[in-house]
Amino acid sequence: MRRLLLTERGRRTQRVPGGSLPVDDPETVAPGVVESSHAVVESLPDAPALLSTSDGVVLRATEQAALLLGADSGGELLGSGITELMLVEGEFARPRGHDSWFRALSWPHQRNPLLTVTLLVDVSDLMTPTASLLAYERRKLQNAQRAARMGTWEWDPRTNSTRLSEMFFEITGTPPSTETTFEHYLDHIHPEDRSRVAACWNQLAEEHTPMEVEHRYIRPDGAMRILLCHGGVAKDGEGRPLMVGTAQDVTEQRTALRRMERSSQRFTDLVNLTPVGIGLFDQGQRLVDANDALCELLGYDLERLRGTSARGLTHPDDREIDLAETETRRSQRGNRRASVQRMLVRADGQPVHCELHSTPSVQDDGTRFWLVVFQDVTERRRTSEALRFQATHDELTGLPNRAAVKEMLADMRAGGEVERSAVLFCDIDNFKRINDSLGHDAGDDLLVALARRLEGGLPEGCVAARISGDEFVVICVDVDVVGGTGALASRVSGLLNTAVPIRDQLVRISASVGAAVPDGSDTDGNDLLRFADAAMFEAKGNGPGRVSLAGPALMASANSQLQLEGQLREALHQDQLTLHYQPVVNSEGTVVSAEALLRWPHPERGLLTPGTFLPVADQGGLLREIDRWVLRRALREAAAWPEGAAGPVSVAVNLGGLVPGDHDFVDYVADSVAESGIDWSRVVLELVETALVDLPSRPRSAMQDLVARGARFAVDDFGTGFSSLARLKDLPAQIIKVDRKFVSEIHSDSCDFAVAKAVVDMASAIGRECVAEGVENSEQFETLTGTGVDSYQGWFFSPPVPANDFHSMLVAGGPRRVNV
């Protein structure tokens with residue numbers, strides 16, 4: 001007889017290998033066993049006995065075995081794995097959940113060696129308290145060894161015999177029935193480690209030197225494990241030396257350690273390679289280590305940087321660094337907190353602006369530290385400041401622009417400085433005449449000269465700004481300091497009423513000045529700007545070079561305009577505006593395009609045209625927003641138009657607030673086209689002539705970008721802003737629209753005819769399409785047909801009509817001429 005070797009298996013039913021088992025008792029034979037009259041097996045003894053397969057699945061069980069294992073009947077045990085039914089502890093076993101003890105004796109089945117008969121011998125009465133305690137302590141030791149993945153061994157060098165614990169067999173993958181020797185163990189050690197391990201064991205055996213060795217062990221199944229062995233010398237019962245020790249499976253620990261070391265190396269490599277500065281600071285916020293990028297950024301070598309506090313790196317003009325403030329973490333909503341910027345000081349004393357990100361971390365030895373990233377944003381900051389200057393300052397004169405004026409007025413209100421302030425609105429008289437006679441370059445030179453006069457002549461506490469073409473604003477923080485509003489207005493008027501040498505000519509100019517001061521605690525900076533603007537118009541109405549102070553009546557009128565502005569703003573946001581379309585036709589009267597014209601169905605004043613409300617929109621800064629609305633709506637509606645007789649019908653949109661110089665001009669137009677789904681070739685953007693003269697590179701580049709995508713630009717009201725037709729070739733536009741003032745008398749005025757013919761001929765010569773605006777009768781149309789005009793627009797063909805009516809017009813084949 002031999003001890004039963006228990007193998008962990010799941011509960012299942014299985015055929016008997018090598019044959020079938022006859023059924024003596026259906027309740028005590030595993031289901032699925034096939035009967036065979038030719039198979040003869042010996043009966044189980046009349047005792048606690050089990051019949052099982054080679055892998056431990058119970059096929060038959062006696063009632064005595066069921067009683068000993070805590071079951072109600074033998075049939076209840078069938079299909080179970082033996083290791084599911086009992087726990088083996090050393091030489092004894094016990095049922096799971098019971099305190100009885102027995103020994104398990106097993107032997108091969110007489111007729112079928114693939115089956116095993118197991119006899120359970122109840123030894124509960126023989127288990128003394130001492131024996132039970134020893135079994136309990138052994139069980140605890142086995143559990144501890146299993147948790148630590150540690151086995152024990154004994155080796156007698158005299159006999160070369162070994163005695164191994166159950167856990168040792170398990171971690172080495174060796175069957176417990178295997179006869180093991182030191183050589184057997186040594187054969188499974190990795191060849192590269194074998195001589196080193198043998199030397200340690202021999203030193204233990206010969207010199208009794210305690211051993212600690214870590215090596216690789218190749219299990220019989222080919223898997224490689226890492227074992228940490230400890231050994232020492234003990235005495236056997238006869239006082240002879242006996243080698244004893246432990247072997248612990250540390251594969252997972254070493255794998256994790258190597259993974260951590262590789263991760264640490266990758267981190268070190270990444271820190272050294274990254275182009276941004278990285279520093280490690282201790283808990284006292286003193287630098288412990290830094291990469292080369294940080295050393296280069298600050299102009300120090302690492303040894304000089306070590307020990308420097310975070311505060312010591314800060315420029316004297318900036319607030320000291322506190323790493324707790326720069327910690328990069330996420331809010332409860334998951335958003336990353338805004339980064340902190342600080343100005344550091346280089347070794348040469350030069351400032352360097354950095355964006356700081358830091359996080360607390362822990363080194364491998366458990367030491368806590370701060371990991372800080374220093375991103376050099378000096379150049380980005382310079383660029384940002386340049387962009388901000390560009391956004392808040394006039395490109396021509398360098399003075400603050402409208403955006404800066406609004407910001408200054410808002411700051412004054414926030415600081416409670418409005419009560420003593422004054423705003424002056426200045427408009428150069430007859431400036432258009434100077435542009436027309438001397439050219440726009442001369443006009444620009446004049447504006448620059450006036451800007452310098454204002455900068456140099458204003459008293460302290462006053463700021464000059466240019467908010468549009470020939471309009472300047474002066475803001476005074478404390479008007480009492482400069483002698484009162486009247487004195488300040490007279491001084492500003494004197495600076496702008498002067499003679500300026502321009503291009504070898506002495507140009508005398510004057511300006512209309514309007515001034516406003518607060519009339520109560522409710523007046524804010526924007527109110528002052530509106531009142532000063534209204535006062536300027538009042539002054540201009542009295543003649544050139546006049547000054548006017550905004551009084552109560554004028555302020556009331558301005559407030560009425562403000563009310564209209566508020567209504568317009570609400571109508572815009574509530575999508576209460578609408579578009580009418582006026583067709584543009586070719587010489588056969590076929591519609592080729594249409595111009596989108598804005599209308600406002602006012603709830604009290606009826607349908608308002610742009611001439612009524614666009615000046616209000618201009619004063620309120622709504623032109624850009626209105627343009628964006630018109631562009632989106634026009635493209636969306638035009639995308640649904642049916643194709644005309646001459647092909648796809650284009651749509652033209654006038655732009656006054658949304659212009660190529662805007663930073664998002666290209667993106668917004670492109671997004672609107674994509675959103676509508678209209679083809680680029682059907683998009684025409686109309687700009688007034690003065691907006692296209694002497695274009696800076698940025699707006700010109702924006703226009704060229706859109707033209708490359710297929711869009712076209714049209715010059716609206718051409719002929720009203722040029723002194724020379726030769727400059728026509730420089731316009732980045734594909735369509736020229738002859739102004740209506742040259743069309744109205746073209747059939748009766750030879751000068752108008754000559755101008756119109758010259759424009760058409762030159763447009764044709766340089767490959768531009770020409771459209772005549774304001775065609776209102778047959779005489780004008782017939783005269784224009786002889787000039788070579790490509791297309792016509794006016795009431796003679798159709799007035800502007802609502803979107804639905806224009807759609808119906810296209811379906812009907814074109815407009816019906818209306819002779820006005």
# chains A, B, ... in the order shown; residues from 1 in each chain; ligands from 1
>>> residues_around(residues="range 392-400 of chain A", least_positions_apart="4", cutoff="7 Å", atoms="only C-alpha atoms", output="list in words")
Arg388, Ala404, Val405, Val448, Ala451, Ala464, Ala465 and Arg466 of chain A
>>> residues_around(residues="range 748-763 of chain A", least_positions_apart="3", cutoff="8 Å", atoms="only C-alpha atoms", output="ChimeraX atom specification")
/A:725,728,736,738,742-743,745,766-770,787-789
>>> select_by_dssp(residues="range 270-388 of chain A", states="strand (DSSP E)", output="PyMOL selection string")
chain A and resi 277-281+287-290+340-345+351-362+368-376
>>> write_last_selection(atoms="N, CA, C and O atoms", output="short mmCIF file (atom, residue, chain, number, x, y, z; two decimals), in the first residue's frame")
data_model
loop_
_atom_site.label_atom_id
_atom_site.label_comp_id
_atom_site.auth_asym_id
_atom_site.auth_seq_id
_atom_site.Cartn_x
_atom_site.Cartn_y
_atom_site.Cartn_z
N GLY A 277 13.04 72.13 -19.07
CA GLY A 277 13.78 71.99 -17.82
C GLY A 277 13.00 71.20 -16.79
O GLY A 277 11.80 71.42 -16.60
N ILE A 278 13.67 70.26 -16.13
CA ILE A 278 13.05 69.44 -15.09
C ILE A 278 13.96 69.45 -13.87
O ILE A 278 15.17 69.24 -13.98
N GLY A 279 13.36 69.71 -12.72
CA GLY A 279 14.13 69.73 -11.48
C GLY A 279 13.46 68.90 -10.40
O GLY A 279 12.23 68.79 -10.36
N LEU A 280 14.27 68.28 -9.54
CA LEU A 280 13.77 67.53 -8.38
C LEU A 280 14.12 68.33 -7.14
O LEU A 280 15.30 68.66 -6.90
N PHE A 281 13.11 68.64 -6.35
CA PHE A 281 13.28 69.43 -5.14
C PHE A 281 12.89 68.58 -3.93
O PHE A 281 11.91 67.81 -3.99
N LEU A 287 16.68 72.45 -4.58
CA LEU A 287 16.97 71.64 -5.75
C LEU A 287 17.94 70.51 -5.40
O LEU A 287 19.00 70.74 -4.83
N VAL A 288 17.56 69.28 -5.77
CA VAL A 288 18.40 68.11 -5.53
C VAL A 288 19.06 67.65 -6.83
O VAL A 288 20.23 67.28 -6.86
N ASP A 289 18.30 67.69 -7.90
CA ASP A 289 18.83 67.24 -9.19
C ASP A 289 18.11 68.00 -10.30
O ASP A 289 17.01 68.53 -10.09
N ALA A 290 18.73 68.05 -11.47
CA ALA A 290 18.14 68.77 -12.61
C ALA A 290 18.70 68.19 -13.89
O ALA A 290 19.80 67.63 -13.91
N VAL A 340 0.94 77.94 -13.61
CA VAL A 340 1.46 79.13 -12.94
C VAL A 340 2.68 79.61 -13.71
O VAL A 340 3.53 78.81 -14.11
N GLN A 341 2.76 80.89 -13.95
CA GLN A 341 3.92 81.47 -14.63
C GLN A 341 4.72 82.31 -13.64
O GLN A 341 4.15 83.06 -12.85
N ARG A 342 6.03 82.16 -13.70
CA ARG A 342 6.92 82.93 -12.86
C ARG A 342 8.10 83.39 -13.70
O ARG A 342 8.49 82.75 -14.68
N MET A 343 8.67 84.51 -13.26
CA MET A 343 9.86 85.04 -13.93
C MET A 343 11.08 84.62 -13.11
O MET A 343 11.22 84.99 -11.94
N LEU A 344 11.95 83.82 -13.73
CA LEU A 344 13.18 83.37 -13.08
C LEU A 344 14.33 84.28 -13.51
O LEU A 344 14.20 85.08 -14.43
N VAL A 345 15.45 84.11 -12.84
CA VAL A 345 16.61 84.93 -13.17
C VAL A 345 17.75 84.00 -13.58
O VAL A 345 18.06 83.03 -12.91
N PRO A 351 16.13 88.05 -17.20
CA PRO A 351 14.91 87.35 -16.79
C PRO A 351 14.52 86.29 -17.82
O PRO A 351 14.79 86.43 -19.02
N VAL A 352 13.90 85.23 -17.36
CA VAL A 352 13.36 84.21 -18.24
C VAL A 352 12.00 83.81 -17.68
O VAL A 352 11.88 83.47 -16.50
N HIS A 353 10.99 83.89 -18.50
CA HIS A 353 9.62 83.58 -18.07
C HIS A 353 9.36 82.09 -18.27
O HIS A 353 9.61 81.55 -19.35
N CYS A 354 8.87 81.45 -17.22
CA CYS A 354 8.63 80.01 -17.26
C CYS A 354 7.21 79.69 -16.80
O CYS A 354 6.66 80.36 -15.92
N GLU A 355 6.67 78.65 -17.41
CA GLU A 355 5.40 78.07 -16.97
C GLU A 355 5.77 76.87 -16.11
O GLU A 355 6.50 75.98 -16.55
N LEU A 356 5.27 76.85 -14.88
CA LEU A 356 5.67 75.82 -13.92
C LEU A 356 4.56 74.80 -13.73
O LEU A 356 3.39 75.15 -13.56
N HIS A 357 4.96 73.52 -13.76
CA HIS A 357 4.07 72.41 -13.42
C HIS A 357 4.82 71.56 -12.40
O HIS A 357 5.97 71.19 -12.63
N SER A 358 4.19 71.24 -11.30
CA SER A 358 4.87 70.43 -10.30
C SER A 358 3.89 69.42 -9.71
O SER A 358 2.68 69.63 -9.72
N THR A 359 4.47 68.35 -9.20
CA THR A 359 3.66 67.32 -8.54
C THR A 359 4.51 66.64 -7.48
O THR A 359 5.72 66.44 -7.68
N PRO A 360 3.93 66.32 -6.33
CA PRO A 360 4.69 65.56 -5.32
C PRO A 360 4.85 64.12 -5.78
O PRO A 360 3.95 63.54 -6.38
N SER A 361 6.00 63.53 -5.49
CA SER A 361 6.25 62.16 -5.90
C SER A 361 7.11 61.47 -4.83
O SER A 361 7.49 62.09 -3.83
N VAL A 362 7.41 60.20 -5.06
CA VAL A 362 8.16 59.39 -4.09
C VAL A 362 9.26 58.65 -4.82
O VAL A 362 9.02 58.04 -5.87
N ARG A 368 10.15 61.44 -0.21
CA ARG A 368 9.22 62.28 -0.96
C ARG A 368 9.98 63.47 -1.56
O ARG A 368 10.94 63.98 -0.96
N PHE A 369 9.54 63.89 -2.74
CA PHE A 369 10.19 65.02 -3.39
C PHE A 369 9.18 65.70 -4.31
O PHE A 369 8.08 65.20 -4.55
N TRP A 370 9.57 66.87 -4.83
CA TRP A 370 8.76 67.61 -5.80
C TRP A 370 9.40 67.43 -7.17
O TRP A 370 10.59 67.63 -7.34
N LEU A 371 8.60 67.04 -8.14
CA LEU A 371 9.04 66.98 -9.52
C LEU A 371 8.46 68.21 -10.23
O LEU A 371 7.25 68.39 -10.29
N VAL A 372 9.34 69.07 -10.74
CA VAL A 372 8.90 70.36 -11.30
C VAL A 372 9.39 70.48 -12.74
O VAL A 372 10.56 70.22 -13.04
N VAL A 373 8.47 70.86 -13.62
CA VAL A 373 8.78 71.10 -15.03
C VAL A 373 8.79 72.62 -15.27
O VAL A 373 7.83 73.31 -14.91
N PHE A 374 9.88 73.11 -15.84
CA PHE A 374 10.02 74.53 -16.16
C PHE A 374 9.95 74.67 -17.69
O PHE A 374 10.88 74.30 -18.40
N GLN A 375 8.83 75.18 -18.17
CA GLN A 375 8.66 75.39 -19.61
C GLN A 375 8.98 76.85 -19.94
O GLN A 375 8.31 77.76 -19.47
N ASP A 376 10.00 77.05 -20.76
CA ASP A 376 10.39 78.41 -21.13
C ASP A 376 9.33 79.01 -22.06
O ASP A 376 9.11 78.52 -23.16
#
>>> atom_distance(atom1="CA of Ser437 in chain A", atom2="CA of Leu450 in chain A")
18.6 Å
>>> closest_residue(among="A:Thr174, A:Ser701, A:Gln203, A:Ser339", to="Pro660 in chain A", atoms="only C-alpha atoms")
A:Ser701
>>> closest_atom_pairs(of="range 508-581 of chain A", to="range 634-652 of chain A", cutoff="10 Å", atoms="only C-alpha atoms", output="Markdown table")
| residue | atom | partner | partner_atom | distance |
| --- | --- | --- | --- | --- |
| A:Thr578 | CA | A:Ala634 | CA | 9.7 |
| A:Leu579 | CA | A:Ala634 | CA | 7.4 |
| A:His580 | CA | A:Ala634 | CA | 9.4 |
| A:Tyr581 | CA | A:Val651 | CA | 8.8 |
>>> write_last_selection(atoms="all heavy atoms", output="compact mmCIF listing (two decimals), in the first residue's frame")
# COMPACT_ATOMS: atom_id res chain seq x y z
N THR A 578 -33.88 89.38 -41.08
CA THR A 578 -34.21 88.61 -42.28
C THR A 578 -33.38 89.13 -43.45
O THR A 578 -32.79 90.21 -43.38
CB THR A 578 -35.71 88.70 -42.60
OG1 THR A 578 -36.01 87.81 -43.67
CG2 THR A 578 -36.10 90.13 -43.02
N LEU A 579 -33.35 88.37 -44.51
CA LEU A 579 -32.59 88.74 -45.71
C LEU A 579 -33.51 88.84 -46.92
O LEU A 579 -34.42 88.02 -47.09
CB LEU A 579 -31.49 87.70 -46.00
CG LEU A 579 -30.32 87.61 -45.02
CD1 LEU A 579 -29.35 86.53 -45.47
CD2 LEU A 579 -29.62 88.94 -44.89
N HIS A 580 -33.27 89.87 -47.71
CA HIS A 580 -33.87 89.98 -49.03
C HIS A 580 -32.76 89.81 -50.05
O HIS A 580 -31.57 90.02 -49.74
CB HIS A 580 -34.55 91.34 -49.21
CG HIS A 580 -35.85 91.44 -48.46
ND1 HIS A 580 -36.78 92.43 -48.67
CD2 HIS A 580 -36.39 90.66 -47.48
CE1 HIS A 580 -37.81 92.27 -47.87
NE2 HIS A 580 -37.59 91.22 -47.13
N TYR A 581 -33.13 89.43 -51.26
CA TYR A 581 -32.13 89.17 -52.29
C TYR A 581 -32.49 89.95 -53.55
O TYR A 581 -33.64 89.93 -54.02
CB TYR A 581 -32.06 87.68 -52.61
CG TYR A 581 -31.57 86.85 -51.46
CD1 TYR A 581 -32.47 86.29 -50.56
CD2 TYR A 581 -30.22 86.65 -51.25
CE1 TYR A 581 -32.03 85.54 -49.48
CE2 TYR A 581 -29.76 85.91 -50.17
CZ TYR A 581 -30.67 85.35 -49.29
OH TYR A 581 -30.23 84.63 -48.22
>>> closest_residue(among="A:Val479, A:Ala550, A:Val57, A:Ala324", to="Phe531 in chain A", atoms="only C-alpha atoms")
A:Ala550
>>> residues_around(residues="Val482 in chain A", least_positions_apart="6", cutoff="12 Å", atoms="only C-alpha atoms", output="ChimeraX atom specification")
/A:420-422,458-462,475-476,488-492
>>> residues_around(residues="Gln561 in chain A", least_positions_apart="4", cutoff="8 Å", atoms="only C-alpha atoms", output="list in words")
Ser557, Glu565 and Val616 of chain A
>>> residues_around(residues="Pro800 in chain A", least_positions_apart="5", cutoff="10 Å", atoms="only C-alpha atoms", output="JSON, numbers by chain")
{"A": [579, 580, 581, 582, 583, 594, 595, 596, 597, 598, 794, 795, 805, 806]}
>>> write_last_selection(atoms="N, CA and C atoms", output="short mmCIF file (atom, residue, chain, number, x, y, z; two decimals), in the first residue's frame")
data_model
loop_
_atom_site.label_atom_id
_atom_site.label_comp_id
_atom_site.auth_asym_id
_atom_site.auth_seq_id
_atom_site.Cartn_x
_atom_site.Cartn_y
_atom_site.Cartn_z
N LEU A 579 -33.35 88.37 -44.51
CA LEU A 579 -32.59 88.74 -45.71
C LEU A 579 -33.51 88.84 -46.92
N HIS A 580 -33.27 89.87 -47.71
CA HIS A 580 -33.87 89.98 -49.03
C HIS A 580 -32.76 89.81 -50.05
N TYR A 581 -33.13 89.43 -51.26
CA TYR A 581 -32.13 89.17 -52.29
C TYR A 581 -32.49 89.95 -53.55
N GLN A 582 -31.49 90.66 -54.10
CA GLN A 582 -31.67 91.37 -55.37
C GLN A 582 -30.85 90.65 -56.43
N PRO A 583 -31.51 90.20 -57.51
CA PRO A 583 -30.78 89.41 -58.51
C PRO A 583 -29.80 90.26 -59.31
N ALA A 594 -26.99 86.81 -56.80
CA ALA A 594 -27.90 87.68 -56.06
C ALA A 594 -27.16 88.26 -54.88
N GLU A 595 -27.47 89.52 -54.56
CA GLU A 595 -26.85 90.17 -53.41
C GLU A 595 -27.78 90.06 -52.21
N ALA A 596 -27.24 89.58 -51.09
CA ALA A 596 -28.01 89.46 -49.85
C ALA A 596 -28.08 90.83 -49.18
N LEU A 597 -29.29 91.30 -48.88
CA LEU A 597 -29.50 92.61 -48.27
C LEU A 597 -30.29 92.44 -46.98
N LEU A 598 -29.76 93.02 -45.91
CA LEU A 598 -30.33 92.82 -44.58
C LEU A 598 -31.56 93.69 -44.37
N GLY A 794 -30.30 96.02 -60.40
CA GLY A 794 -31.09 97.21 -60.15
C GLY A 794 -32.57 96.94 -60.25
N TRP A 795 -33.36 97.97 -59.95
CA TRP A 795 -34.80 97.84 -59.91
C TRP A 795 -35.40 97.62 -61.31
N ASP A 805 -39.59 84.49 -52.07
CA ASP A 805 -39.92 85.04 -53.39
C ASP A 805 -38.76 84.88 -54.37
N PHE A 806 -37.54 85.04 -53.88
CA PHE A 806 -36.40 84.87 -54.77
C PHE A 806 -36.29 83.42 -55.22
#
>>> residues_around(residues="Pro220 in chain A", least_positions_apart="5", cutoff="10 Å", atoms="only C-alpha atoms", output="PyMOL selection string")
chain A and resi 172-175+188
>>> write_last_selection(atoms="all heavy atoms", output="compact mmCIF listing (two decimals), in the first residue's frame")
# COMPACT_ATOMS: atom_id res chain seq x y z
N THR A 172 9.19 24.00 -7.06
CA THR A 172 10.13 23.50 -8.07
C THR A 172 9.43 22.67 -9.13
O THR A 172 10.08 22.24 -10.10
CB THR A 172 11.23 22.64 -7.41
OG1 THR A 172 10.62 21.56 -6.69
CG2 THR A 172 12.07 23.49 -6.47
N GLY A 173 8.12 22.44 -8.96
CA GLY A 173 7.37 21.67 -9.95
C GLY A 173 7.76 20.22 -10.00
O GLY A 173 7.59 19.56 -11.02
N THR A 174 8.28 19.71 -8.90
CA THR A 174 8.75 18.32 -8.85
C THR A 174 7.67 17.43 -8.23
O THR A 174 7.13 17.76 -7.16
CB THR A 174 10.03 18.22 -8.00
OG1 THR A 174 11.00 19.15 -8.51
CG2 THR A 174 10.59 16.81 -8.02
N PRO A 175 7.32 16.32 -8.86
CA PRO A 175 6.35 15.39 -8.24
C PRO A 175 6.87 14.90 -6.90
O PRO A 175 8.05 14.56 -6.78
CB PRO A 175 6.24 14.26 -9.27
CG PRO A 175 6.69 14.87 -10.56
CD PRO A 175 7.72 15.87 -10.20
N HIS A 188 18.84 21.05 -12.42
CA HIS A 188 17.75 21.93 -12.87
C HIS A 188 18.10 23.41 -12.71
O HIS A 188 17.31 24.27 -13.08
CB HIS A 188 16.46 21.62 -12.08
CG HIS A 188 15.79 20.37 -12.54
ND1 HIS A 188 16.23 19.13 -12.16
CD2 HIS A 188 14.73 20.17 -13.37
CE1 HIS A 188 15.46 18.21 -12.70
NE2 HIS A 188 14.54 18.81 -13.45
